[in-house]
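entry-v1.pdb, holding PDB, C-alpha atoms:
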ATOM      1  CA  MET A 248      51.555 -39.498 -34.341
ATOM      2  CA  THR A 249      52.858 -41.068 -31.137
ATOM      3  CA  VAL A 250      53.816 -38.522 -28.501
ATOM      4  CA  LYS A 251      56.216 -39.424 -25.717
ATOM      5  CA  VAL A 252      57.882 -37.744 -22.778
ATOM      6  CA  GLY A 253      60.964 -35.819 -23.866
ATOM      7  CA  ASP A 254      59.680 -35.005 -27.348
ATOM      8  CA  GLU A 255      60.591 -31.498 -28.476
ATOM      9  CA  ILE A 256      57.788 -29.852 -30.427
ATOM     10  CA  PRO A 257      58.277 -27.616 -33.501
ATOM     11  CA  THR A 258      59.333 -24.108 -32.515
ATOM     12  CA  PHE A 259      57.922 -20.682 -33.432
ATOM     13  CA  THR A 260      60.456 -17.890 -34.083
ATOM     14  CA  ARG A 261      60.188 -14.152 -34.715
ATOM     15  CA  GLU A 262      62.671 -11.311 -34.874
ATOM     16  CA  THR A 263      61.192  -8.738 -32.545
ATOM     17  CA  GLY A 264      61.023  -4.951 -32.351
ATOM     18  CA  PHE A 265      58.646  -2.084 -32.936
ATOM     19  CA  ALA A 266      57.268  -3.667 -36.123
ATOM     20  CA  ASN A 267      55.801  -6.541 -34.068
ATOM     21  CA  TRP A 268      55.041  -4.615 -30.909
ATOM     22  CA  ASN A 269      53.226  -1.756 -32.634
ATOM     23  CA  ARG A 270      51.008  -4.187 -34.532
ATOM     24  CA  TYR A 271      50.183  -5.963 -31.280
ATOM     25  CA  ALA A 272      49.529  -2.641 -29.540
ATOM     26  CA  ALA A 273      47.160  -1.773 -32.370
ATOM     27  CA  VAL A 274      44.962  -4.854 -31.876
ATOM     28  CA  ASN A 275      45.154  -5.013 -28.076
ATOM     29  CA  ASP A 276      45.057  -1.234 -27.463
ATOM     30  CA  GLU A 277      48.268  -1.700 -25.490
ATOM     31  CA  PHE A 278      49.911   1.664 -26.079
ATOM     32  CA  VAL A 279      51.874   1.642 -22.856
ATOM     33  CA  PRO A 280      54.926   3.964 -22.876
ATOM     34  CA  ILE A 281      57.434   1.228 -21.854
ATOM     35  CA  HIS A 282      56.504  -0.629 -25.061
ATOM     36  CA  MET A 283      56.469   2.423 -27.349
ATOM     37  CA  ASP A 284      59.163   4.764 -26.162
ATOM     38  CA  ASP A 285      62.859   4.044 -25.505
ATOM     39  CA  ALA A 286      63.087   6.723 -22.822
ATOM     40  CA  ALA A 287      60.192   5.185 -20.881
ATOM     41  CA  GLY A 288      61.688   1.700 -21.228
ATOM     42  CA  GLU A 289      65.069   2.962 -20.069
ATOM     43  CA  ALA A 290      63.507   4.702 -17.066
ATOM     44  CA  ALA A 291      61.977   1.338 -16.152
ATOM     45  CA  GLY A 292      65.471  -0.187 -16.089
ATOM     46  CA  ASN A 293      65.403  -2.089 -19.373
ATOM     47  CA  GLY A 294      67.739  -0.030 -21.530
ATOM     48  CA  GLY A 295      64.964   0.943 -23.939
ATOM     49  CA  ALA A 296      61.475  -0.012 -25.010
ATOM     50  CA  PHE A 297      60.611  -3.675 -24.611
ATOM     51  CA  GLY A 298      57.925  -5.982 -25.930
ATOM     52  CA  MET A 299      54.649  -6.959 -24.311
ATOM     53  CA  GLY A 300      54.456 -10.053 -22.148
ATOM     54  CA  ASN A 301      51.129 -10.641 -23.896
ATOM     55  CA  LEU A 302      52.940 -11.052 -27.220
ATOM     56  CA  GLN A 303      55.277 -13.686 -25.716
ATOM     57  CA  TRP A 304      52.072 -15.344 -24.497
ATOM     58  CA  ALA A 305      50.671 -15.236 -28.045
ATOM     59  CA  TYR A 306      53.864 -16.748 -29.514
ATOM     60  CA  LEU A 307      53.558 -19.695 -27.115
ATOM     61  CA  HIS A 308      49.951 -20.189 -28.242
ATOM     62  CA  ASN A 309      51.039 -19.984 -31.910
ATOM     63  CA  MET A 310      53.593 -22.740 -31.328
ATOM     64  CA  LEU A 311      51.090 -24.989 -29.536
ATOM     65  CA  ARG A 312      48.343 -24.422 -32.132
ATOM     66  CA  SER A 313      50.661 -25.304 -34.974
ATOM     67  CA  TRP A 314      51.638 -28.556 -33.271
ATOM     68  CA  ILE A 315      48.199 -29.781 -32.154
ATOM     69  CA  GLY A 316      46.468 -28.803 -35.393
ATOM     70  CA  GLU A 317      43.284 -26.879 -36.080
ATOM     71  CA  ASN A 318      41.141 -29.471 -34.317
ATOM     72  CA  GLY A 319      43.379 -29.676 -31.253
ATOM     73  CA  GLU A 320      42.704 -28.027 -27.896
ATOM     74  CA  ILE A 321      44.820 -25.915 -25.597
ATOM     75  CA  LEU A 322      43.433 -26.832 -22.178
ATOM     76  CA  SER A 323      45.601 -24.590 -20.024
ATOM     77  CA  ILE A 324      48.783 -22.578 -20.086
ATOM     78  CA  GLU A 325      50.817 -20.960 -17.331
ATOM     79  CA  VAL A 326      53.679 -18.529 -17.829
ATOM     80  CA  GLN A 327      55.955 -16.283 -15.784
ATOM     81  CA  PHE A 328      57.527 -13.210 -17.339
ATOM     82  CA  ARG A 329      61.143 -13.376 -16.216
ATOM     83  CA  SER A 330      63.155 -11.270 -18.626
ATOM     84  CA  PRO A 331      62.219  -8.416 -20.996
ATOM     85  CA  ASN A 332      62.015  -8.908 -24.757
ATOM     86  CA  VAL A 333      64.203  -6.049 -25.986
ATOM     87  CA  LYS A 334      64.581  -4.740 -29.550
ATOM     88  CA  GLY A 335      66.459  -6.859 -32.038
ATOM     89  CA  GLN A 336      66.107 -10.123 -30.172
ATOM     90  CA  THR A 337      65.213 -13.254 -32.060
ATOM     91  CA  VAL A 338      62.565 -14.862 -29.866
ATOM     92  CA  THR A 339      61.811 -18.564 -30.146
ATOM     93  CA  ALA A 340      58.936 -20.358 -28.461
ATOM     94  CA  LYS A 341      59.841 -23.929 -27.498
ATOM     95  CA  GLY A 342      58.169 -26.875 -25.808
ATOM     96  CA  VAL A 343      59.070 -30.304 -24.437
ATOM     97  CA  VAL A 344      56.588 -33.037 -23.513
ATOM     98  CA  THR A 345      56.694 -33.820 -19.774
ATOM     99  CA  ALA A 346      53.753 -36.222 -19.414
ATOM    100  CA  VAL A 347      51.167 -38.083 -21.466
ATOM    101  CA  ASP A 348      47.991 -39.059 -19.621
ATOM    102  CA  GLY A 349      45.431 -40.545 -21.994
ATOM    103  CA  ASP A 350      44.827 -37.838 -24.573
ATOM    104  CA  VAL A 351      46.099 -35.013 -22.331
ATOM    105  CA  ILE A 352      49.676 -33.981 -23.050
ATOM    106  CA  SER A 353      51.637 -31.859 -20.556
ATOM    107  CA  LEU A 354      54.553 -29.754 -21.689
ATOM    108  CA  ASP A 355      57.145 -27.363 -20.389
ATOM    109  CA  VAL A 356      56.955 -24.309 -22.658
ATOM    110  CA  TRP A 357      59.011 -21.153 -22.827
ATOM    111  CA  THR A 358      60.260 -18.343 -25.008
ATOM    112  CA  GLU A 359      63.962 -17.658 -25.234
ATOM    113  CA  GLN A 360      66.167 -15.101 -26.947
ATOM    114  CA  GLN A 361      68.896 -15.946 -29.466
ATOM    115  CA  GLU A 362      71.488 -16.764 -26.787
ATOM    116  CA  GLY A 363      69.190 -19.176 -25.004
ATOM    117  CA  THR A 364      68.133 -16.938 -22.111
ATOM    118  CA  LYS A 365      64.567 -17.797 -21.167
ATOM    119  CA  LEU A 366      62.190 -14.852 -21.296
ATOM    120  CA  ALA A 367      58.892 -16.478 -20.352
ATOM    121  CA  PRO A 368      58.994 -20.031 -18.939
ATOM    122  CA  GLY A 369      55.861 -21.985 -18.117
ATOM    123  CA  SER A 370      53.827 -25.094 -18.770
ATOM    124  CA  ALA A 371      50.791 -26.161 -20.769
ATOM    125  CA  LYS A 372      48.276 -28.964 -21.227
ATOM    126  CA  VAL A 373      46.884 -29.757 -24.670
ATOM    127  CA  LYS A 374      44.958 -32.353 -26.644
ATOM    128  CA  MET A 375      46.041 -33.237 -30.153
ATOM    129  CA  GLY A 376      43.555 -32.680 -32.960
ATOM    130  CA  LYS A 377      42.013 -35.745 -34.533
TER     131      LYS A 377
ATOM    132  CA  MET B  58      60.397  -5.928   8.643
ATOM    133  CA  ALA B  59      56.648  -6.540   8.871
ATOM    134  CA  ASP B  60      55.536 -10.027   9.957
ATOM    135  CA  SER B  61      52.925  -9.873   7.238
ATOM    136  CA  ASN B  62      51.714  -7.389   4.661
ATOM    137  CA  ILE B  63      48.351  -9.110   4.345
ATOM    138  CA  SER B  64      45.845  -7.230   6.467
ATOM    139  CA  ALA B  65      42.499  -8.507   7.721
ATOM    140  CA  ALA B  66      40.796  -6.160   5.252
ATOM    141  CA  MET B  67      42.793  -7.636   2.353
ATOM    142  CA  LYS B  68      41.891 -11.200   3.425
ATOM    143  CA  ALA B  69      38.243 -10.204   3.688
ATOM    144  CA  ALA B  70      38.324  -8.789   0.146
ATOM    145  CA  VAL B  71      39.210 -12.143  -1.470
ATOM    146  CA  GLY B  72      36.392 -13.179  -3.775
ATOM    147  CA  THR B  73      35.047  -9.646  -4.209
ATOM    148  CA  GLU B  74      33.862  -9.000  -7.752
ATOM    149  CA  THR B  75      35.449  -5.765  -8.899
ATOM    150  CA  SER B  76      34.197  -5.201 -12.436
ATOM    151  CA  ARG B  77      32.219  -6.786 -15.224
ATOM    152  CA  SER B  78      32.369  -6.030 -18.938
ATOM    153  CA  THR B  79      30.383  -7.245 -21.905
ATOM    154  CA  SER B  80      31.968  -7.208 -25.344
ATOM    155  CA  TYR B  81      30.517  -6.157 -28.649
ATOM    156  CA  PRO B  82      29.846  -9.151 -30.916
ATOM    157  CA  ILE B  83      33.178 -10.464 -32.204
ATOM    158  CA  SER B  84      33.615  -9.753 -35.911
ATOM    159  CA  GLU B  85      35.587 -11.516 -38.643
ATOM    160  CA  SER B  86      37.674  -8.381 -38.979
ATOM    161  CA  ASP B  87      38.541  -8.373 -35.253
ATOM    162  CA  ILE B  88      39.815 -11.939 -35.524
ATOM    163  CA  ARG B  89      41.731 -11.345 -38.787
ATOM    164  CA  LYS B  90      43.526  -8.285 -37.457
ATOM    165  CA  TRP B  91      44.477 -10.028 -34.207
ATOM    166  CA  ALA B  92      45.811 -13.068 -36.070
ATOM    167  CA  ILE B  93      47.769 -10.921 -38.527
ATOM    168  CA  ALA B  94      49.418  -9.073 -35.611
ATOM    169  CA  VAL B  95      50.434 -12.121 -33.585
ATOM    170  CA  TYR B  96      51.753 -14.053 -36.617
ATOM    171  CA  TRP B  97      53.331 -11.042 -38.362
ATOM    172  CA  PRO B  98      55.328 -10.917 -40.639
ATOM    173  CA  GLU B  99      54.127 -14.343 -41.823
ATOM    174  CA  LYS B 100      50.504 -15.005 -42.740
ATOM    175  CA  PRO B 101      48.247 -16.419 -40.028
ATOM    176  CA  PRO B 102      46.584 -19.830 -40.458
ATOM    177  CA  ALA B 103      43.525 -19.793 -42.718
ATOM    178  CA  VAL B 104      41.303 -20.923 -39.828
ATOM    179  CA  PHE B 105      41.544 -17.336 -38.543
ATOM    180  CA  THR B 106      41.070 -15.555 -41.844
ATOM    181  CA  ASP B 107      39.061 -17.700 -44.248
ATOM    182  CA  PRO B 108      35.479 -18.661 -43.280
ATOM    183  CA  GLU B 109      35.438 -21.522 -45.836
ATOM    184  CA  ALA B 110      38.620 -23.065 -44.422
ATOM    185  CA  ALA B 111      37.338 -22.535 -40.877
ATOM    186  CA  ALA B 112      34.037 -24.260 -41.698
ATOM    187  CA  LYS B 113      35.946 -27.500 -42.401
ATOM    188  CA  THR B 114      37.391 -27.664 -38.867
ATOM    189  CA  VAL B 115      35.645 -29.047 -35.771
ATOM    190  CA  HIS B 116      34.647 -25.477 -34.965
ATOM    191  CA  GLY B 117      32.545 -25.174 -38.128
ATOM    192  CA  ARG B 118      33.088 -21.410 -38.215
ATOM    193  CA  LEU B 119      35.762 -18.729 -37.943
ATOM    194  CA  VAL B 120      37.151 -18.891 -34.410
ATOM    195  CA  ALA B 121      39.547 -16.563 -32.630
ATOM    196  CA  PRO B 122      42.994 -17.448 -31.336
ATOM    197  CA  GLU B 123      42.601 -18.551 -27.705
ATOM    198  CA  GLU B 124      44.444 -15.480 -26.422
ATOM    199  CA  PHE B 125      42.208 -13.036 -28.379
ATOM    200  CA  ASN B 126      40.928 -10.082 -26.349
ATOM    201  CA  PRO B 127      37.384  -8.954 -27.312
ATOM    202  CA  PHE B 128      37.552  -6.087 -24.775
ATOM    203  CA  ALA B 129      40.685  -4.435 -26.172
ATOM    204  CA  TRP B 130      39.381  -1.183 -27.622
ATOM    205  CA  ALA B 131      35.866  -0.844 -26.343
ATOM    206  CA  SER B 132      33.147  -2.757 -24.577
ATOM    207  CA  ALA B 133      29.396  -2.634 -25.051
ATOM    208  CA  LYS B 134      28.956  -2.388 -21.295
ATOM    209  CA  ASN B 135      31.239  -1.785 -18.331
ATOM    210  CA  GLU B 136      30.039  -2.164 -14.777
ATOM    211  CA  LEU B 137      32.264  -0.910 -12.004
ATOM    212  CA  LEU B 138      31.470  -2.875  -8.888
ATOM    213  CA  LEU B 139      33.827  -0.914  -6.609
ATOM    214  CA  THR B 140      33.781   2.337  -4.735
ATOM    215  CA  GLY B 141      37.415   3.312  -5.226
ATOM    216  CA  GLY B 142      37.648   3.299  -9.026
ATOM    217  CA  LEU B 143      39.457   0.871 -11.301
ATOM    218  CA  PRO B 144      43.218   0.410 -10.941
ATOM    219  CA  SER B 145      44.985   2.018 -13.891
ATOM    220  CA  ARG B 146      47.691   0.176 -15.799
ATOM    221  CA  MET B 147      49.146   3.549 -16.802
ATOM    222  CA  VAL B 148      49.893   4.592 -13.209
ATOM    223  CA  ASN B 149      52.745   3.000 -11.297
ATOM    224  CA  ASP B 150      50.961   2.635  -7.951
ATOM    225  CA  PRO B 151      51.623  -0.682  -6.169
ATOM    226  CA  ASP B 152      48.594  -0.089  -3.911
ATOM    227  CA  SER B 153      46.143   0.659  -6.729
ATOM    228  CA  SER B 154      44.319  -2.693  -6.386
ATOM    229  CA  GLU B 155      43.516  -2.147  -2.712
ATOM    230  CA  ARG B 156      42.764   1.537  -3.263
ATOM    231  CA  ALA B 157      40.159   0.479  -5.817
ATOM    232  CA  LEU B 158      38.613  -1.776  -3.158
ATOM    233  CA  GLY B 159      38.429   1.130  -0.728
ATOM    234  CA  ILE B 160      40.917  -0.469   1.687
ATOM    235  CA  GLU B 161      44.440   0.383   2.710
ATOM    236  CA  GLY B 162      47.214  -1.260   0.687
ATOM    237  CA  PRO B 163      50.422  -2.698   2.114
ATOM    238  CA  GLY B 164      52.468   0.333   1.029
ATOM    239  CA  LEU B 165      55.191  -1.656  -0.703
ATOM    240  CA  LYS B 166      57.381   0.252  -3.142
ATOM    241  CA  PHE B 167      57.921  -2.104  -6.055
ATOM    242  CA  MET B 168      55.747  -4.366  -8.152
ATOM    243  CA  LEU B 169      56.193  -6.701 -11.067
ATOM    244  CA  ASN B 170      54.141  -9.053 -13.190
ATOM    245  CA  GLY B 171      54.370 -12.514 -11.655
ATOM    246  CA  GLY B 172      52.784 -14.268 -14.594
ATOM    247  CA  MET B 173      49.451 -15.849 -15.356
ATOM    248  CA  ILE B 174      47.598 -19.120 -15.568
ATOM    249  CA  CYS B 175      44.801 -19.598 -18.045
ATOM    250  CA  GLU B 176      42.306 -22.461 -18.293
ATOM    251  CA  TYR B 177      40.346 -22.611 -21.536
ATOM    252  CA  GLY B 178      36.785 -23.745 -22.168
ATOM    253  CA  VAL B 179      34.872 -23.220 -25.408
ATOM    254  CA  ARG B 180      36.412 -21.201 -28.253
ATOM    255  CA  MET B 181      35.423 -17.642 -29.099
ATOM    256  CA  GLY B 182      34.105 -17.142 -32.616
ATOM    257  CA  VAL B 183      32.376 -14.713 -34.942
ATOM    258  CA  GLY B 184      29.204 -13.273 -33.431
ATOM    259  CA  ASP B 185      29.996 -14.301 -29.865
ATOM    260  CA  VAL B 186      29.391 -11.826 -27.064
ATOM    261  CA  ILE B 187      31.746 -12.314 -24.130
ATOM    262  CA  THR B 188      31.130 -11.239 -20.552
ATOM    263  CA  GLY B 189      34.183 -10.975 -18.326
ATOM    264  CA  THR B 190      34.018 -10.707 -14.550
ATOM    265  CA  ASN B 191      37.069  -9.711 -12.523
ATOM    266  CA  SER B 192      37.463 -10.638  -8.889
ATOM    267  CA  VAL B 193      40.037 -10.488  -6.112
ATOM    268  CA  GLY B 194      42.078 -13.690  -5.819
ATOM    269  CA  GLU B 195      44.124 -15.109  -2.966
ATOM    270  CA  TYR B 196      46.979 -13.275  -1.259
ATOM    271  CA  SER B 197      50.119 -15.083  -0.115
ATOM    272  CA  GLU B 198      53.664 -14.140   0.806
ATOM    273  CA  ARG B 199      57.077 -15.605   1.270
ATOM    274  CA  GLU B 200      60.553 -14.493   2.178
ATOM    275  CA  GLY B 201      62.664 -13.817  -0.921
ATOM    276  CA  ARG B 202      65.994 -12.352  -1.926
ATOM    277  CA  LEU B 203      64.482  -8.871  -1.722
ATOM    278  CA  GLY B 204      62.679  -9.375   1.594
ATOM    279  CA  LEU B 205      59.085 -10.343   2.268
ATOM    280  CA  MET B 206      57.392 -10.726  -1.119
ATOM    281  CA  LEU B 207      53.618 -10.284  -1.429
ATOM    282  CA  PHE B 208      51.798 -12.278  -4.102
ATOM    283  CA  SER B 209      48.319 -11.035  -4.972
ATOM    284  CA  ARG B 210      46.093 -12.584  -7.576
ATOM    285  CA  GLY B 211      43.335 -11.327  -9.799
ATOM    286  CA  VAL B 212      40.859 -13.739 -11.354
ATOM    287  CA  SER B 213      39.097 -13.014 -14.628
ATOM    288  CA  THR B 214      36.339 -15.335 -15.808
ATOM    289  CA  TRP B 215      34.896 -15.047 -19.310
ATOM    290  CA  VAL B 216      31.669 -16.651 -20.474
ATOM    291  CA  ASN B 217      29.932 -16.447 -23.826
ATOM    292  CA  GLN B 218      26.313 -15.530 -24.621
ATOM    293  CA  ASN B 219      25.259 -19.107 -23.793
ATOM    294  CA  GLY B 220      26.849 -18.987 -20.349
ATOM    295  CA  GLU B 221      29.637 -21.357 -21.407
ATOM    296  CA  MET B 222      33.052 -20.795 -19.838
ATOM    297  CA  VAL B 223      35.512 -19.402 -22.379
ATOM    298  CA  LYS B 224      38.462 -18.968 -20.083
ATOM    299  CA  ARG B 225      39.529 -18.331 -16.530
ATOM    300  CA  THR B 226      42.726 -16.369 -16.037
ATOM    301  CA  THR B 227      44.554 -15.945 -12.765
ATOM    302  CA  SER B 228      47.173 -13.184 -12.852
ATOM    303  CA  THR B 229      49.781 -12.719 -10.140
ATOM    304  CA  LEU B 230      51.233  -9.398  -9.047
ATOM    305  CA  ILE B 231      54.420  -9.513  -6.966
ATOM    306  CA  ARG B 232      55.114  -6.619  -4.601
ATOM    307  CA  TYR B 233      58.110  -6.041  -2.358
TER     308      TYR B 233
END
As structure tokens, what does this structure read like?
Amino acid sequence: MTVKVGDEIPTFTRETGFANWNRYAAVNDEFVPIHMDDAAGEAAGNGGAFGMGNLQWAYLHNMLRSWIGENGEILSIEVQFRSPNVKGQTVTAKGVVTAVDGDVISLDVWTEQQEGTKLAPGSAKVKMGK
Amino acid sequence: MADSNISAAMKAAVGTETSRSTSYPISESDIRKWAIAVYWPEKPPAVFTDPEAAAKTVHGRLVAPEEFNPFAWASAKNELLLTGGLPSRMVNDPDSSERALGIEGPGLKFMLNGGMICEYGVRMGVGDVITGTNSVGEYSEREGRLGLMLFSRGVSTWVNQNGEMVKRTTSTLIRY
């Protein structure tokens, strides 16, 4: 596969809510009230409980892993958490190639909700699996 | 408005190791459960659930997703390297990091997660024992829409039982 600047990579999408967040809390011991309880999320200014930034992080990894293959490598990833993932959102992880330097591919990556608002923008460097 | 919220004591603390933890050996079940959760409701890739499928990859064994946390529920050993106690993620105290270092914090009212950067080394897999060391990263500040914004960083470095770097994560906390 030839990779070039501007290529959009296959996306990773999940409908999000307590079913995802509670499972993630269960493996990461992340039972923080803002992620479990609407009242706590509302008190924090988000209108209700909201999902973990760490799960957005995982969705970006899932997207990259699927694209580079089982023998590929994620070298680095950087993300900022800009907007909360609230219940009922359809979250999609996306990526666009920004540079190709030998076998190192740089990308802009982000998660966005169903209306296109970016939740967690960032960047990554990967190597494709051989 | 203060000229700077970064005190001499805060600058002097950069590089201080604050805590060190050693994981229990990573199990197949740990990896399966993590993968099921982060891919739910669809099935995770077989490389995270099926040792035979995993053996055919370059890893030659069941490996964990890069973002897997072997310290989530319990650690085999925790060493607190501070006098002030660990900052708690359950308490909304913007000065908790400095308090844990035994120094005075900047006293800012609000804080938010400024994101993280992670560099990966070797993969984590079944049987690996991971040691993570947390240290104080650089402080910086800049004028923003909400006034003088303080950026403080925490650095977490994980190595495996062979001393190989697994990952280095730099997390940024924004206070204002």
> If you measure from atom CA of Cys175 of chain B to atom CA of Thr358 of chain A, what distance in Å do you get, rounded to one decimal?
Replying inline: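 Rounded to one decimal, the two atoms are 17.0 Å apart.
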Can you check which parts of segment 88-174 of chain B lie within 10 Å of segment 294-311 of chain A? Per residue, the shortest pair of atoms and distance in Å to one decimal, counting only C-alpha atoms, sorted by chain and number, as a Markdown table.
| residue | atom | partner | partner_atom | distance |
| --- | --- | --- | --- | --- |
| B:Ala92 | CA | A:Asn309 | CA | 9.6 |
| B:Ala94 | CA | A:Leu302 | CA | 9.3 |
| B:Val95 | CA | A:Ala305 | CA | 6.4 |
| B:Tyr96 | CA | A:Asn309 | CA | 7.6 |
| B:Pro101 | CA | A:Asn309 | CA | 9.3 |
| B:Pro102 | CA | A:Asn309 | CA | 9.6 |
| B:Pro122 | CA | A:His308 | CA | 8.1 |
| B:Glu123 | CA | A:His308 | CA | 7.5 |
| B:Glu124 | CA | A:Ala305 | CA | 6.4 |
| B:Phe125 | CA | A:Ala305 | CA | 8.8 |
| B:Asn170 | CA | A:Gly300 | CA | 9.0 |
| B:Gly172 | CA | A:Gly300 | CA | 8.8 |
| B:Met173 | CA | A:Trp304 | CA | 9.5 |
> If you measure from atom CA of Glu198 of chain B to atom CA of Arg210 of chain B, what distance in Å do you get, rounded to one decimal?
Replying inline: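 Result for atom CA of Glu198 of chain B versus atom CA of Arg210 of chain B: 11.4 Å, one decimal.
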> If the PyMOL selection byres ((chain B and resi 181) around 8) is run on the structure shown, which residues does it catch, given as a VMD selection string?
Replying inline: chain B and resid 120 to 123 179 to 180 182 to 183 185 217 223
>> Going by the chain IDs and residue numbers used in this file, which residues fall under the PyMOL selection byres ((chain A and resi 265-280) around 9)? Write them as a ChimeraX atom specification.
In response: /A:261-264,281-288,296-299,301-302,334 /B:87,90-91,93-98,125-130,146-147
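Counting all atoms listed in the file, the residue from A:Lys365, A:Lys251, A:Lys372, A:Lys341 that sits nearest to chain B is A:Lys372.
Put simply, the PyMOL selection byres ((chain B and resi 233) around 8) in this file takes in Leu165, Lys166, Phe167, Met168, Leu203, Gly204, Leu205, Met206, Leu207, Ile231 and Arg232 of chain B.
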How would the residues just chosen look if you wrote them out with C-alpha atoms as a PDB file, in the frame of the given file?
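Final output, saved to result07.pdb:
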ATOM      1  CA  LEU B 165      55.191  -1.656  -0.703  1.00  0.00           C
ATOM      2  CA  LYS B 166      57.381   0.252  -3.142  1.00  0.00           C
ATOM      3  CA  PHE B 167      57.921  -2.104  -6.055  1.00  0.00           C
ATOM      4  CA  MET B 168      55.747  -4.366  -8.152  1.00  0.00           C
ATOM      5  CA  LEU B 203      64.482  -8.871  -1.722  1.00  0.00           C
ATOM      6  CA  GLY B 204      62.679  -9.375   1.594  1.00  0.00           C
ATOM      7  CA  LEU B 205      59.085 -10.343   2.268  1.00  0.00           C
ATOM      8  CA  MET B 206      57.392 -10.726  -1.119  1.00  0.00           C
ATOM      9  CA  LEU B 207      53.618 -10.284  -1.429  1.00  0.00           C
ATOM     10  CA  ILE B 231      54.420  -9.513  -6.966  1.00  0.00           C
ATOM     11  CA  ARG B 232      55.114  -6.619  -4.601  1.00  0.00           C
TER      12      ARG B 232
END
>> Under the rule that only C-alpha atoms are counted, which of B:Ser209, B:Thr114, B:Gln218, B:Ser64 is the nearest residue to chain A?
In response: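 Between B:Ser209, B:Thr114, B:Gln218, B:Ser64, the residue approaching chain A most closely is B:Thr114.
Going from atom CA of Glu200 of chain B to atom CA of Gly171 of chain B covers 15.3 Å.
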>> Calculated over all atoms listed in the file, which of the candidates A:Ala346, A:Met375, A:Met248, A:Ile256 has the smallest distance to Glu317 of chain A?
In response: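 Selected residue with least distance to Glu317 of chain A: A:Met375.
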> Once you count all atoms listed in the file, which residues end up no further than 10 Å from (31.9, -16.0, -21.7) in the file's frame, shown as an MDAnalysis selection string?
Replying inline: chainID B and resid 79:80 178:181 185:190 214:225
> Restricting the calculation to all atoms listed in the file, which member of B:Gly194, B:Gly117, B:Pro82, B:Gly162 is positioned closest to Phe105 of chain B?
Replying inline: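 Among the listed residues, the smallest separation from Phe105 of chain B belongs to B:Gly117.
All polymer residues at most 12 Å from (27.1, -6.1, -13.9), using only C-alpha atoms, appear as Glu74, Thr75, Ser76, Arg77, Ser78, Thr79, Ala133, Lys134, Asn135, Glu136, Leu137, Leu138, Leu139, Thr188, Gly189, Thr190 and Asn191 of chain B.
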> With only C-alpha atoms as the atoms that count, which of A:Asp355, A:Glu289, A:Asp350, A:Glu362 lies nearest to Asp254 of chain A?
Replying inline: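 Looking at the shortest contact to Asp254 of chain A, the residue is A:Asp355.
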